[in-house]
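Chemist: PDB, C-alpha atoms, file start.pdb:
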ATOM      1  CA  MET A 220      81.153 107.191  73.965  1.00  0.00           C
ATOM      2  CA  ARG A 221      79.811 109.089  76.937  1.00  0.00           C
ATOM      3  CA  ALA A 222      76.746 111.225  76.677  1.00  0.00           C
ATOM      4  CA  ILE A 223      76.960 114.954  77.324  1.00  0.00           C
ATOM      5  CA  THR A 224      74.624 114.526  80.293  1.00  0.00           C
ATOM      6  CA  ASP A 225      77.053 112.021  81.877  1.00  0.00           C
ATOM      7  CA  VAL A 226      79.919 114.510  81.591  1.00  0.00           C
ATOM      8  CA  ALA A 227      77.771 117.297  83.049  1.00  0.00           C
ATOM      9  CA  GLU A 228      76.648 115.017  85.879  1.00  0.00           C
ATOM     10  CA  ASP A 229      80.275 114.068  86.661  1.00  0.00           C
ATOM     11  CA  ARG A 230      81.254 117.743  86.710  1.00  0.00           C
ATOM     12  CA  ARG A 231      78.325 118.576  88.979  1.00  0.00           C
ATOM     13  CA  ALA A 232      79.197 115.744  91.395  1.00  0.00           C
ATOM     14  CA  LYS A 233      82.825 116.883  91.465  1.00  0.00           C
ATOM     15  CA  MET A 234      81.796 120.475  92.224  1.00  0.00           C
ATOM     16  CA  LEU A 235      79.440 119.338  95.000  1.00  0.00           C
ATOM     17  CA  SER A 236      82.170 117.196  96.509  1.00  0.00           C
ATOM     18  CA  GLN A 237      84.636 120.066  96.390  1.00  0.00           C
ATOM     19  CA  PHE A 238      82.115 122.452  97.957  1.00  0.00           C
ATOM     20  CA  PHE A 239      81.333 119.931 100.692  1.00  0.00           C
ATOM     21  CA  LEU A 240      85.029 119.521 101.553  1.00  0.00           C
ATOM     22  CA  GLN A 241      85.500 123.304 101.673  1.00  0.00           C
ATOM     23  CA  GLU A 242      82.467 123.642 103.927  1.00  0.00           C
ATOM     24  CA  LEU A 243      83.722 120.887 106.248  1.00  0.00           C
ATOM     25  CA  THR A 244      87.101 122.592 106.513  1.00  0.00           C
ATOM     26  CA  ARG A 245      85.507 125.979 107.214  1.00  0.00           C
ATOM     27  CA  ARG A 246      83.246 124.580 109.922  1.00  0.00           C
ATOM     28  CA  ASP A 247      86.075 122.563 111.513  1.00  0.00           C
ATOM     29  CA  GLU A 248      88.259 125.670 111.673  1.00  0.00           C
ATOM     30  CA  GLU A 249      85.397 127.728 113.115  1.00  0.00           C
ATOM     31  CA  ALA A 250      84.702 125.108 115.790  1.00  0.00           C
ATOM     32  CA  LEU A 251      88.365 124.770 116.725  1.00  0.00           C
ATOM     33  CA  ARG A 252      88.723 128.552 117.062  1.00  0.00           C
ATOM     34  CA  PHE A 253      85.634 128.556 119.317  1.00  0.00           C
ATOM     35  CA  ILE A 254      87.102 125.810 121.525  1.00  0.00           C
ATOM     36  CA  LEU A 255      90.424 127.620 121.819  1.00  0.00           C
ATOM     37  CA  LYS A 256      88.807 130.936 122.802  1.00  0.00           C
ATOM     38  CA  HIS A 257      87.109 129.487 125.878  1.00  0.00           C
ATOM     39  CA  LYS A 258      88.857 128.257 129.021  1.00  0.00           C
ATOM     40  CA  GLU A 259      86.611 125.184 129.201  1.00  0.00           C
ATOM     41  CA  GLY A 260      87.356 124.395 125.565  1.00  0.00           C
ATOM     42  CA  ARG A 261      91.101 124.675 126.137  1.00  0.00           C
ATOM     43  CA  TRP A 262      90.730 122.360 129.157  1.00  0.00           C
ATOM     44  CA  PHE A 263      88.891 119.783 127.048  1.00  0.00           C
ATOM     45  CA  LEU A 264      91.486 120.074 124.301  1.00  0.00           C
ATOM     46  CA  GLN A 265      94.361 119.478 126.723  1.00  0.00           C
ATOM     47  CA  ARG A 266      92.612 116.455 128.255  1.00  0.00           C
ATOM     48  CA  LEU A 267      92.054 115.081 124.776  1.00  0.00           C
ATOM     49  CA  LEU A 268      95.679 115.618 123.779  1.00  0.00           C
ATOM     50  CA  GLU A 269      96.817 113.932 126.995  1.00  0.00           C
ATOM     51  CA  GLN A 270      94.607 110.931 126.265  1.00  0.00           C
ATOM     52  CA  THR A 271      96.050 110.600 122.766  1.00  0.00           C
ATOM     53  CA  MET A 272      99.504 110.172 124.312  1.00  0.00           C
ATOM     54  CA  VAL A 273     100.814 112.729 121.822  1.00  0.00           C
ATOM     55  CA  THR A 274     103.848 113.571 123.975  1.00  0.00           C
ATOM     56  CA  GLY A 275     104.281 110.238 125.710  1.00  0.00           C
ATOM     57  CA  GLU A 276     105.707 106.830 125.058  1.00  0.00           C
ATOM     58  CA  VAL A 277     103.419 104.574 123.021  1.00  0.00           C
ATOM     59  CA  PHE A 278     105.615 101.518 122.545  1.00  0.00           C
ATOM     60  CA  THR A 279     104.458  98.539 124.599  1.00  0.00           C
ATOM     61  CA  GLY A 280     106.304  95.655 122.967  1.00  0.00           C
ATOM     62  CA  ASN A 281     103.070  94.059 121.801  1.00  0.00           C
ATOM     63  CA  SER A 282     100.126  94.823 119.537  1.00  0.00           C
ATOM     64  CA  THR A 283      98.842  97.533 121.895  1.00  0.00           C
ATOM     65  CA  THR A 284     101.545  99.720 120.345  1.00  0.00           C
ATOM     66  CA  PHE A 285      99.498  99.888 117.126  1.00  0.00           C
ATOM     67  CA  TYR A 286      96.440 101.042 119.060  1.00  0.00           C
ATOM     68  CA  ASN A 287      98.480 103.646 120.918  1.00  0.00           C
ATOM     69  CA  GLU A 288     100.031 104.867 117.664  1.00  0.00           C
ATOM     70  CA  GLY A 289      96.544 105.361 116.246  1.00  0.00           C
ATOM     71  CA  LYS A 290      95.580 107.524 119.222  1.00  0.00           C
ATOM     72  CA  ARG A 291      98.842 109.423 118.961  1.00  0.00           C
ATOM     73  CA  HIS A 292      98.283 110.042 115.258  1.00  0.00           C
ATOM     74  CA  MET A 293      94.926 111.657 116.044  1.00  0.00           C
ATOM     75  CA  GLY A 294      96.608 113.937 118.582  1.00  0.00           C
ATOM     76  CA  ILE A 295      99.253 114.945 116.046  1.00  0.00           C
ATOM     77  CA  THR A 296      96.528 115.653 113.487  1.00  0.00           C
ATOM     78  CA  LEU A 297      94.727 117.861 116.010  1.00  0.00           C
ATOM     79  CA  LEU A 298      97.938 119.783 116.736  1.00  0.00           C
ATOM     80  CA  GLU A 299      98.522 120.248 112.993  1.00  0.00           C
ATOM     81  CA  ASN A 300      94.972 121.585 112.610  1.00  0.00           C
ATOM     82  CA  ILE A 301      95.630 124.104 115.380  1.00  0.00           C
ATOM     83  CA  ARG A 302      98.934 125.183 113.802  1.00  0.00           C
ATOM     84  CA  SER A 303      97.199 125.693 110.473  1.00  0.00           C
ATOM     85  CA  LEU A 304      94.975 128.342 112.110  1.00  0.00           C
ATOM     86  CA  GLY A 305      97.964 130.578 112.763  1.00  0.00           C
ATOM     87  CA  LYS A 306      99.751 132.309 115.594  1.00  0.00           C
ATOM     88  CA  GLU A 307      96.689 133.253 117.668  1.00  0.00           C
ATOM     89  CA  ALA A 308      95.498 129.633 117.775  1.00  0.00           C
ATOM     90  CA  ILE A 309      98.979 128.397 118.700  1.00  0.00           C
ATOM     91  CA  LEU A 310      99.192 130.916 121.532  1.00  0.00           C
ATOM     92  CA  LEU A 311      95.737 129.942 122.793  1.00  0.00           C
ATOM     93  CA  ARG A 312      96.697 126.269 122.785  1.00  0.00           C
ATOM     94  CA  GLN A 313      99.828 127.113 124.750  1.00  0.00           C
ATOM     95  CA  LYS A 314      97.690 129.120 127.166  1.00  0.00           C
ATOM     96  CA  GLY A 315      95.479 126.070 127.588  1.00  0.00           C
ATOM     97  CA  GLU A 316      98.507 123.905 128.255  1.00  0.00           C
ATOM     98  CA  LEU A 317      99.659 126.294 130.999  1.00  0.00           C
ATOM     99  CA  GLU A 318      96.166 126.450 132.514  1.00  0.00           C
ATOM    100  CA  TYR A 319      95.994 122.668 132.517  1.00  0.00           C
ATOM    101  CA  GLU A 320      99.398 122.250 134.158  1.00  0.00           C
ATOM    102  CA  GLU A 321      98.547 124.873 136.789  1.00  0.00           C
ATOM    103  CA  ALA A 322      95.314 123.023 137.607  1.00  0.00           C
ATOM    104  CA  LYS A 323      97.232 119.744 137.969  1.00  0.00           C
ATOM    105  CA  LEU A 324      99.797 121.385 140.273  1.00  0.00           C
ATOM    106  CA  LYS A 325      97.044 122.906 142.411  1.00  0.00           C
ATOM    107  CA  ALA A 326      95.278 119.539 142.665  1.00  0.00           C
ATOM    108  CA  ASN A 327      98.567 117.956 143.704  1.00  0.00           C
ATOM    109  CA  GLU A 328      99.103 120.607 146.391  1.00  0.00           C
ATOM    110  CA  LEU A 329      95.585 120.049 147.742  1.00  0.00           C
ATOM    111  CA  ALA A 330      96.142 116.298 147.837  1.00  0.00           C
ATOM    112  CA  LEU A 331      99.393 116.778 149.770  1.00  0.00           C
ATOM    113  CA  GLU A 332      97.658 119.104 152.239  1.00  0.00           C
ATOM    114  CA  LEU A 333      94.931 116.504 152.819  1.00  0.00           C
ATOM    115  CA  MET A 334      97.532 113.802 153.360  1.00  0.00           C
ATOM    116  CA  ASP A 335      99.380 116.006 155.884  1.00  0.00           C
ATOM    117  CA  LYS A 336      96.145 116.626 157.796  1.00  0.00           C
ATOM    118  CA  GLU A 337      95.450 112.877 157.974  1.00  0.00           C
ATOM    119  CA  GLU A 338      98.884 112.155 159.462  1.00  0.00           C
TER     120      GLU A 338
END
Rewrite the coordinates I just gave you, this time as structure tokens.
Modeler:
Amino acid sequence: MRAITDVAEDRRAKMLSQFFLQELTRRDEEALRFILKHKEGRWFLQRLLEQTMVTGEVFTGNSTTFYNEGKRHMGITLLENIRSLGKEAILLRQKGELEYEEAKLKANELALELMDKEE
């Protein structure tokens, strides 16, 4: 038979655990919203998503596939976290994607200009 203090202690530990998880979720959401609201944050987010290979091919035909799938899973989780924040967060992520692609195109144009000058 369990003592009343054991039951109370279990209940207290469960409540603390639940509070901690709620606090983690709140802070994660707050941080993600902050990242999405700033151009530099959106840049970082897009670089991170690119590195997770979330939209690319991960199959290699060997055990590296498992490693790549792990990275991809993290990218998918990040995208799901953004979606869970609602429409504004989704639109900001899309804005970041456009900003990122525009920066890549501009860098490509500059590289081509430099190559033309060298020829």
Chemist: Identify which of the residues A:Gly289, A:Asp335, A:Asp225, A:Leu264 lies closest to Ala250 (chain A), counting only C-alpha atoms when measuring atom-to-atom distances.
Modeler: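 Of all the options, A:Leu264 lies closest to Ala250 (chain A).
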Chemist: Residues picked by the PyMOL selection byres ((chain A and resi 307-316) around 12) here, as an MDAnalysis selection string?
Modeler: chainID A and resid 248:269 297:306 317:323
Chemist: How many Å lie between CA of Ile295 (chain A) and CA of Leu235 (chain A), rounded to one decimal?
Modeler: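 Atom-to-atom, CA of Ile295 (chain A) and CA of Leu235 (chain A) are spaced 29.2 Å apart.
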Chemist: Interatomic distance between CA of Thr296 (chain A) and CA of Arg245 (chain A)?
Modeler: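 One can read the CA of Thr296 (chain A) to CA of Arg245 (chain A) distance as 16.4 Å.
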Chemist: Can you work out the spacing between CA of His292 (chain A) and CA of Met272 (chain A) in Å, to one decimal?
Modeler: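 Going from CA of His292 (chain A) over to CA of Met272 (chain A), I get 9.1 Å.
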